[in-house]
Structures are given as C-alpha cells and as structure tokens.
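Peer 1: Structure file entry04.cif (mmCIF, C-alpha atoms) is given on the next line.
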```
data_protein
#
loop_
_atom_site.label_atom_id
_atom_site.label_comp_id
_atom_site.auth_asym_id
_atom_site.auth_seq_id
_atom_site.Cartn_x
_atom_site.Cartn_y
_atom_site.Cartn_z
CA MET K 2 167.54 116.77 70.71
CA LYS K 3 170.09 119.16 72.18
CA ASN K 4 173.77 118.49 71.76
CA LYS K 5 175.54 117.40 74.90
CA THR K 6 177.88 119.90 76.51
CA TYR K 7 180.81 119.21 78.82
CA LYS K 8 181.62 122.64 80.22
CA VAL K 9 182.44 121.28 83.67
CA LEU K 10 185.02 118.83 82.33
CA GLU K 11 186.42 121.46 79.94
CA ILE K 12 186.78 124.09 82.67
CA ILE K 13 188.64 121.77 84.99
CA GLU K 14 190.86 120.53 82.17
CA LYS K 15 191.75 124.15 81.31
CA PHE K 16 192.70 125.06 84.87
CA LYS K 17 194.80 121.97 85.55
CA LYS K 18 197.93 123.76 84.31
CA TYR K 19 197.61 126.29 87.13
CA HIS K 20 197.62 123.65 89.86
CA ASP K 21 200.03 124.45 92.68
CA LYS K 22 201.04 127.73 91.04
CA SER K 23 201.50 130.88 93.11
CA ILE K 24 199.20 133.61 91.83
CA LYS K 25 198.91 137.21 92.97
CA ILE K 26 195.76 139.28 92.49
CA ILE K 27 196.65 142.90 93.17
CA GLY K 28 194.19 145.70 93.83
CA GLU K 29 194.75 149.34 94.64
CA LYS K 30 195.70 148.47 98.23
CA LYS K 31 194.59 144.86 98.76
CA GLU K 32 196.65 141.94 97.50
CA PHE K 33 195.76 138.23 97.49
CA ASN K 34 198.42 135.53 97.39
CA ILE K 35 196.93 132.26 96.20
CA ASN K 36 198.36 128.79 95.79
CA PHE K 37 195.98 127.58 93.09
CA ASN K 38 194.56 124.14 93.84
CA ILE K 39 192.66 122.38 91.06
CA LYS K 40 190.84 120.30 93.69
CA GLY K 41 188.91 123.42 94.65
CA VAL K 42 187.48 124.12 91.19
CA PRO K 43 184.72 121.44 91.32
CA HIS K 44 183.57 123.06 94.55
CA LEU K 45 183.48 126.51 92.94
CA LEU K 46 181.30 125.05 90.19
CA GLY K 47 178.89 123.46 92.70
CA LEU K 48 179.50 119.75 92.12
CA GLN K 49 179.13 119.09 95.86
CA TYR K 50 175.37 119.38 95.34
CA MET K 51 175.44 116.12 93.40
CA ASN K 52 175.76 114.48 96.83
CA LYS K 53 172.50 113.76 98.61
CA SER K 54 174.35 113.82 101.92
CA LYS K 55 174.94 117.59 101.59
CA ASN K 56 178.68 116.97 101.75
CA ASN K 57 179.65 120.58 101.13
CA SER K 58 183.39 120.05 101.33
CA ALA K 59 185.88 120.46 98.52
CA PHE K 60 186.61 116.76 98.92
CA GLY K 61 182.98 115.89 98.20
CA ALA K 62 182.94 118.08 95.08
CA ASN K 63 186.23 116.64 93.85
CA GLU K 64 184.94 113.09 94.27
CA ARG K 65 181.90 114.01 92.16
CA PHE K 66 184.22 115.41 89.49
CA LYS K 67 186.18 112.16 89.38
CA PHE K 68 182.90 110.31 88.90
CA CYS K 69 181.86 112.69 86.10
CA LEU K 70 185.21 112.33 84.36
CA LYS K 71 185.28 108.54 84.61
CA ASN K 72 181.72 108.19 83.33
CA LYS K 73 181.82 111.09 80.83
CA ILE K 74 178.90 112.81 82.57
CA ASP K 75 177.63 115.84 80.63
CA ASP K 76 176.42 119.15 82.05
CA ALA K 77 172.72 118.32 81.72
CA GLN K 78 173.18 115.12 83.72
CA ILE K 79 174.95 117.07 86.46
CA ILE K 80 172.16 119.66 86.62
CA ASN K 81 169.47 116.96 86.60
CA LYS K 82 171.15 115.17 89.50
CA ILE K 83 171.31 118.38 91.53
CA GLU K 84 167.65 119.09 90.79
CA GLU K 85 166.78 115.58 91.93
CA ASN K 86 168.66 116.15 95.20
CA PHE K 87 167.93 119.80 96.02
CA GLY K 88 165.25 121.10 93.66
CA LYS K 89 165.02 123.43 90.66
CA VAL K 90 166.31 126.57 92.39
CA GLN K 91 169.62 125.04 93.45
CA ALA K 92 169.97 123.34 90.07
CA GLU K 93 169.55 126.71 88.34
CA ASN K 94 172.12 128.27 90.69
CA VAL K 95 174.70 125.66 89.77
CA LYS K 96 173.83 125.98 86.08
CA ASN K 97 174.58 129.70 86.36
CA ARG K 98 177.94 128.94 87.95
CA ILE K 99 178.88 126.51 85.19
CA ASN K 100 177.76 128.87 82.42
CA THR K 101 179.57 131.96 83.75
CA PHE K 102 182.70 130.72 85.54
CA GLY K 103 184.84 130.53 82.39
CA TYR K 104 183.83 134.04 81.32
CA PHE K 105 184.47 135.39 84.81
CA MET K 106 187.97 133.94 85.04
CA ASP K 107 188.86 134.94 81.47
CA ASN K 108 188.03 138.51 82.48
CA LEU K 109 189.21 138.43 86.10
CA GLU K 110 191.33 141.53 85.46
CA HIS K 111 188.11 143.53 85.00
CA GLY K 112 186.84 142.64 88.47
CA PHE K 113 186.57 144.73 91.61
CA ILE K 114 187.58 143.74 95.14
CA VAL K 115 185.00 144.32 97.89
CA ASN K 116 184.38 143.21 101.45
CA LYS K 117 181.82 140.46 101.99
CA THR K 118 179.46 142.17 104.45
CA LEU K 119 176.34 139.99 104.51
CA ASP K 120 175.94 137.96 107.69
CA SER K 121 175.70 134.41 106.35
CA ASN K 122 177.18 130.93 106.66
CA MET K 123 179.66 131.67 103.88
CA THR K 124 183.04 132.10 105.54
CA VAL K 125 184.85 134.41 103.13
CA SER K 126 186.34 137.81 103.86
CA HIS K 127 186.39 139.38 100.39
CA LEU K 128 184.70 139.08 97.02
CA ILE K 129 185.85 139.81 93.51
CA ILE K 130 182.82 140.93 91.55
CA GLN K 131 181.91 141.51 87.91
CA ASP K 132 178.58 142.39 86.40
CA LYS K 133 177.07 141.29 83.11
CA ASN K 134 173.46 141.67 81.95
CA ASN K 135 172.35 142.80 85.43
CA GLU K 136 173.79 139.66 87.01
CA ILE K 137 176.68 139.95 89.48
CA MET K 138 179.28 137.21 89.52
CA HIS K 139 181.02 136.74 92.89
CA LEU K 140 184.32 134.99 93.59
CA GLY K 141 184.67 134.52 97.35
CA ILE K 142 188.13 134.69 98.91
CA LEU K 143 189.12 133.67 102.42
CA SER K 144 192.19 135.50 103.64
CA GLY K 145 194.91 133.13 104.81
CA ASN K 146 194.96 134.55 108.33
CA ASN K 147 191.38 133.31 108.76
CA GLY K 148 192.05 129.64 108.02
CA GLY K 149 192.32 127.09 105.22
CA PHE K 150 190.09 125.89 102.41
CA LEU K 151 187.40 124.08 104.40
CA GLU K 152 188.80 121.02 106.15
CA ASP K 153 190.62 119.64 103.14
CA PHE K 154 193.60 121.92 102.67
CA GLU K 155 195.05 122.44 106.12
CA ASP K 156 198.50 123.12 104.67
CA GLU K 157 197.16 126.21 102.87
CA LYS K 158 196.32 128.27 105.94
CA THR K 159 198.93 130.93 105.21
CA LYS K 160 197.53 131.56 101.73
CA ASP K 161 194.42 133.31 100.48
CA ILE K 162 191.86 130.82 99.20
CA LEU K 163 189.43 130.86 96.29
CA LYS K 164 186.59 129.43 98.32
CA SER K 165 183.28 130.12 96.57
CA TYR K 166 181.74 131.25 93.32
CA PHE K 167 178.12 132.22 92.72
CA VAL K 168 175.85 134.51 90.71
CA GLU K 169 173.22 136.90 92.11
CA ASP K 170 170.99 139.66 90.76
CA ASN K 171 171.53 141.91 93.78
CA MET K 172 174.32 143.52 95.81
CA ASP K 173 173.36 141.98 99.15
CA TYR K 174 176.71 140.31 99.80
CA PHE K 175 178.77 143.51 99.59
CA ILE K 176 176.28 146.38 99.91
CA LYS K 177 178.03 147.68 103.07
CA SER K 178 181.57 147.22 101.78
CA LYS K 179 183.98 149.98 102.76
CA ILE K 180 186.26 149.21 99.83
CA ILE K 181 185.79 148.76 96.11
CA GLU K 182 189.15 148.37 94.43
CA GLU K 183 189.91 147.88 90.78
CA ILE K 184 192.21 144.95 90.05
CA LYS K 185 195.48 146.51 88.92
CA ASP K 186 197.60 143.45 88.20
CA ILE K 187 197.57 139.63 88.18
CA ARG K 188 200.81 137.67 88.35
CA ILE K 189 201.89 134.02 88.28
CA TYR K 190 205.21 132.72 89.54
CA ASP K 191 207.49 131.12 86.95
CA GLU K 192 209.83 128.67 88.66
CA ILE K 193 212.27 128.57 85.74
CA LEU K 194 212.64 132.35 85.48
CA GLU K 195 212.19 132.80 89.24
CA ASP K 196 209.95 135.77 88.63
CA PHE K 197 206.27 136.73 88.71
CA LEU K 198 204.94 137.11 85.17
CA PRO K 199 201.72 138.90 84.13
CA LEU K 200 198.70 136.61 83.87
CA SER K 201 195.32 136.54 82.21
CA PHE K 202 193.32 133.32 82.27
CA ASN K 203 192.29 134.12 78.70
CA GLU K 204 194.98 132.45 76.62
CA GLU K 205 195.04 135.03 73.81
CA LYS K 206 195.28 137.96 76.19
CA ASN K 207 197.90 136.16 78.25
CA LYS K 208 200.06 135.53 75.20
CA ASN K 209 199.96 139.23 74.33
CA LEU K 210 200.68 140.29 77.91
CA ILE K 211 203.76 138.06 78.08
CA GLU K 212 205.02 139.43 74.78
CA LYS K 213 204.62 143.03 75.95
CA PHE K 214 206.25 142.20 79.30
CA PHE K 215 209.42 140.78 77.75
CA ASN K 216 209.58 143.53 75.14
CA ASP K 217 209.86 146.21 77.82
CA LYS K 218 210.02 144.93 81.41
CA GLU K 219 211.11 148.25 82.83
CA HIS K 220 208.06 150.16 81.61
CA PHE K 221 205.51 147.35 81.57
CA ASN K 222 202.10 148.32 82.94
CA TYR K 223 199.52 145.55 83.27
CA LYS K 224 196.36 147.63 82.78
CA GLU K 225 197.77 149.75 79.98
CA SER K 226 198.93 146.62 78.19
CA LEU K 227 195.46 145.11 78.51
CA ASN K 228 193.87 148.25 77.14
CA ASN K 229 196.01 147.91 74.05
CA ILE K 230 194.85 144.35 73.47
CA LYS K 231 191.71 143.86 71.40
CA ASP K 232 189.21 142.66 73.96
CA GLU K 233 185.51 142.21 74.45
CA LYS K 234 183.98 145.55 75.38
CA ILE K 235 183.20 145.44 79.09
CA GLU K 236 181.56 148.26 80.99
CA LYS K 237 183.76 149.10 83.95
CA LYS K 238 181.80 150.92 86.62
CA LYS K 239 182.37 151.05 90.33
CA ASN K 240 178.69 151.84 90.87
CA ILE K 241 177.03 148.62 89.75
CA LYS K 242 173.38 149.31 89.00
CA ILE K 243 170.82 146.59 89.57
CA PRO K 244 167.19 147.17 88.47
CA LYS K 245 165.65 145.99 91.70
CA LYS K 246 166.71 144.28 94.86
CA LYS K 247 165.65 140.65 95.06
CA LYS K 248 166.04 137.94 97.61
CA SER K 249 169.30 136.00 97.29
CA LYS K 250 168.78 133.03 94.97
CA GLU K 251 171.33 130.75 96.53
CA SER K 252 170.76 128.89 99.77
CA GLU K 253 172.58 129.99 102.90
CA ASN K 254 174.60 126.77 102.94
CA GLU K 255 178.35 127.12 102.63
CA ARG K 256 178.92 127.56 98.90
#
```
Mind turning this structure into structure tokens?

Peer 2:
Amino acid sequence: MKNKTYKVLEIIEKFKKYHDKSIKIIGEKKEFNINFNIKGVPHLLGLQYMNKSKNNSAFGANERFKFCLKNKIDDAQIINKIEENFGKVQAENVKNRINTFGYFMDNLEHGFIVNKTLDSNMTVSHLIIQDKNNEIMHLGILSGNNGGFLEDFEDEKTKDILKSYFVEDNMDYFIKSKIIEEIKDIRIYDEILEDFLPLSFNEEKNKNLIEKFFNDKEHFNYKESLNNIKDEKIEKKKNIKIPKKKKSKESENER
C-alpha cells in the first residue's frame, strides 16, 4: 500500500506567505507586475476539475481546496475524483501539474518568457516556460491591460495575472513566439523596508540571495548571485528540443 501524499495541501500552505505581495518578474525587455493571490493557486493546480459542473473559475478551484483541507483529502483522492469526472487523460494532466508545480516555482528564475501564440480558449498573453526530461512546463500570464483573473478578481485588472499552469511534450503554445527572454530578476516588495528585495521561491536560494543583497546592494546582480549559489544543475537553452511533435495533451478548456 502506497503512502499517502499531500502535495496539493503542502504547495498551497507554502505559498500562503506570498498572498497579496507585489512581485516583479523581469526579463530582458518584458516585465510582469503581479499581486500574488493565494486563491489562484488551486486553479493553477487544476482543482477545478474536481467539479462535475465544469466550473472552471478560480472560485470553483478554491472551494475544492477548502473541501480538501477540511477533509484532509490526499493527492490520490483528488486525482481519482478528476478521473471519475473527466477521464484518465485529464486526471494525468492534473497529476503532472501537481507533481511539477513546486519544482517549476522553485526554479522560476531559470525560465524563459515567450508569447502564447496558439489559437485556443486559454486567454493568456505570455508564458514562462522551463523544460525537464523533454517535458515543457508552462506558466500562463495574462497582462493586466487585457483584464482580470477570470471573473473572480475584478480588482486586479491593472496587474499581470498568473492564470494557468500546465505541462506539455511539445512547443505548440509558443512555436510562433517572436520573443524568448531569459528571466533576469525576480523581486518582492517589502512593506517594512519599502523596497523590492530579490526573490527565489526556493527558501535556501532566497536566504542566500537576501544575504548577498544586503552585503553589497550597490553591486548586487541577481543572476550572478544565483550562479554563485550551489544549485541543481539545469540546462539553460533557448532552443528547447523536443523529440517529436505530439498532439496537446490538455483539453482546450480554459486551464
């Protein structure tokens, strides 16, 4: 009998401390300004698919999270419920989200910014992508000028929104992108210091970044500081190579 895992609950617990924080993700030319909302994380993980009614909103996903938390629902139970509602393919898609989201965010600084170019129901303007083992992780961002986070966060329309997360084994969603920018810096606003501090979602790396920042603010360089921190070896290539092009695994529903 396999041990129960609670990655969904653990991920959301980890990201609670970032709720309502202003975060900047800075590329070579593109910059995203995000007001992080913990209510959006269950949607990124795919909990909305626990609803038979196909309630794809962030509200629906957040309600499912509350149910999971109250009843101590483990990951396998979540996946089984999604398979019951939408079949094995969608269940596997959500499983991939749950299994990779923590890794993706811990290594967000290694991502690349691209345009979302595939004509689909997913209303995002840009993607941050990373590849691992021939799988491409996508974080979809809706620029603030294009509207808010679904219907649930109307007050966030001036911000950029983390709107979707999914994993594919092809480049279909950005194959025609005119940009591919390395992330140069990530910052989080500190209300006490009234300043934007360097940020990594990996706690060990973040601790080291903060230490280097305060040791020499004037000459601090985010990427150079990261390179000096012992980190998991990640291949950084702008030309992401995929063995063969396959049909998108996820449904064309709003993610």

Peer 1: Taking into account all atoms listed in the file, which residue in the set K:Gly88, K:Phe16, K:Tyr223, K:Ile211 is nearest to Asp191 (chain K)?

Peer 2: K:Ile211

Peer 1: Which residues match the PyMOL selection byres ((chain K and resi 128) around 8) in the file above, as a list in words?

Peer 2: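 Checking the PyMOL selection byres ((chain K and resi 128) around 8) against this file, the residues are Ile114, Val115, Asn116, Lys117, Val125, Ser126, His127, Ile129, Ile130, His139, Leu140, Gly141, Ile142 and Phe175 of chain K.
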
Peer 1: Keeping C-alpha atoms for every residue in the selection just given, could you write it to a file as an mmCIF file, in the frame of the given file?

Peer 2:
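Output (result-v5.cif):
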```
data_model
loop_
_atom_site.group_PDB
_atom_site.id
_atom_site.type_symbol
_atom_site.label_atom_id
_atom_site.label_comp_id
_atom_site.auth_asym_id
_atom_site.auth_seq_id
_atom_site.Cartn_x
_atom_site.Cartn_y
_atom_site.Cartn_z
ATOM 1 C CA ILE K 114 187.580 143.740 95.140
ATOM 2 C CA VAL K 115 185.000 144.320 97.890
ATOM 3 C CA ASN K 116 184.380 143.210 101.450
ATOM 4 C CA LYS K 117 181.820 140.460 101.990
ATOM 5 C CA VAL K 125 184.850 134.410 103.130
ATOM 6 C CA SER K 126 186.340 137.810 103.860
ATOM 7 C CA HIS K 127 186.390 139.380 100.390
ATOM 8 C CA ILE K 129 185.850 139.810 93.510
ATOM 9 C CA ILE K 130 182.820 140.930 91.550
ATOM 10 C CA HIS K 139 181.020 136.740 92.890
ATOM 11 C CA LEU K 140 184.320 134.990 93.590
ATOM 12 C CA GLY K 141 184.670 134.520 97.350
ATOM 13 C CA ILE K 142 188.130 134.690 98.910
ATOM 14 C CA PHE K 175 178.770 143.510 99.590
#
```

Peer 1: Have a look at K:Asp161, K:Glu85, K:Asp75, K:Glu93 and name the one nearest to Ile35 (chain K); count all atoms listed in the file.

Peer 2: K:Asp161

Peer 1: Would you compute the distance between CA of Ile79 (chain K) and CA of Met106 (chain K)? Give it in Å to one decimal.

Peer 2: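 Computing the Euclidean distance for CA of Ile79 (chain K) and CA of Met106 (chain K) yields 21.4 Å.
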
Peer 1: Once the PyMOL selection byres ((chain K and resi 8) around 8) is applied to the coordinates I shared, what remains selected? I want it as an MDAnalysis selection string.

Peer 2: chainID K and resid 6:7 9:12 75:76 99:100

Peer 1: Which residues fall under the PyMOL selection byres ((chain K and resi 94) around 8) in this file, as a list of chain:residue names?

Peer 2: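 This file gives the following for the PyMOL selection byres ((chain K and resi 94) around 8): K:Val90, K:Gln91, K:Ala92, K:Glu93, K:Val95, K:Lys96, K:Asn97, K:Arg98, K:Phe167, K:Val168, K:Lys250, K:Glu251.
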
Peer 1: Report the distance between CA of Phe66 (chain K) and CA of Asn36 (chain K) in Å, rounded to one decimal place.

Peer 2: 20.5 Å

Peer 1: Choose the residue, out of K:Ala62, K:Ala77, K:Ile13, K:Ile26, that has the smallest atom-to-atom separation from Ile189 (chain K); count all atoms listed in the file.

Peer 2: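 Going through K:Ala62, K:Ala77, K:Ile13, K:Ile26 one by one, the smallest distance to Ile189 (chain K) is for K:Ile26.
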
Peer 1: What does the distance from CA of Phe202 (chain K) to CA of Lys133 (chain K) come to in Å, to one decimal?

Peer 2: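 That distance, rounded to one decimal, is 18.1 Å.
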
Peer 1: Between K:Glu212, K:Asn63, K:Leu143, K:Lys40, which is the closest to Leu163 (chain K) once you count all atoms listed in the file?

Peer 2: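 The closest residue to Leu163 (chain K) is K:Leu143.
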
Peer 1: If you count all atoms listed in the file, which residues fall within 12 Å of Phe221 (chain K), apart from same-chain ones fewer than 3 positions away, as a PDB file with C-alpha atoms, in the frame of the given file?

Peer 2:
```
ATOM      1  CA  ASP K 186     197.600 143.450  88.200  1.00  0.00           C
ATOM      2  CA  LEU K 198     204.940 137.110  85.170  1.00  0.00           C
ATOM      3  CA  PRO K 199     201.720 138.900  84.130  1.00  0.00           C
ATOM      4  CA  LEU K 210     200.680 140.290  77.910  1.00  0.00           C
ATOM      5  CA  ILE K 211     203.760 138.060  78.080  1.00  0.00           C
ATOM      6  CA  GLU K 212     205.020 139.430  74.780  1.00  0.00           C
ATOM      7  CA  LYS K 213     204.620 143.030  75.950  1.00  0.00           C
ATOM      8  CA  PHE K 214     206.250 142.200  79.300  1.00  0.00           C
ATOM      9  CA  PHE K 215     209.420 140.780  77.750  1.00  0.00           C
ATOM     10  CA  ASN K 216     209.580 143.530  75.140  1.00  0.00           C
ATOM     11  CA  ASP K 217     209.860 146.210  77.820  1.00  0.00           C
ATOM     12  CA  LYS K 218     210.020 144.930  81.410  1.00  0.00           C
ATOM     13  CA  LYS K 224     196.360 147.630  82.780  1.00  0.00           C
ATOM     14  CA  GLU K 225     197.770 149.750  79.980  1.00  0.00           C
ATOM     15  CA  SER K 226     198.930 146.620  78.190  1.00  0.00           C
ATOM     16  CA  LEU K 227     195.460 145.110  78.510  1.00  0.00           C
TER      17      LEU K 227
END
```

Peer 1: Using all atoms listed in the file, pick whichever of K:Lys185, K:Lys73, K:Lys17, K:Arg65 has the shortest atom-to-atom distance to Glu32 (chain K).

Peer 2: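 Counting all atoms listed in the file, the residue closest to Glu32 (chain K) is K:Lys185.
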
Peer 1: Just checking: using only C-alpha atoms, which residue out of K:Thr124, K:Glu192, K:Thr101, K:Ile162 ends up closest to Ile39 (chain K)?

Peer 2: K:Ile162
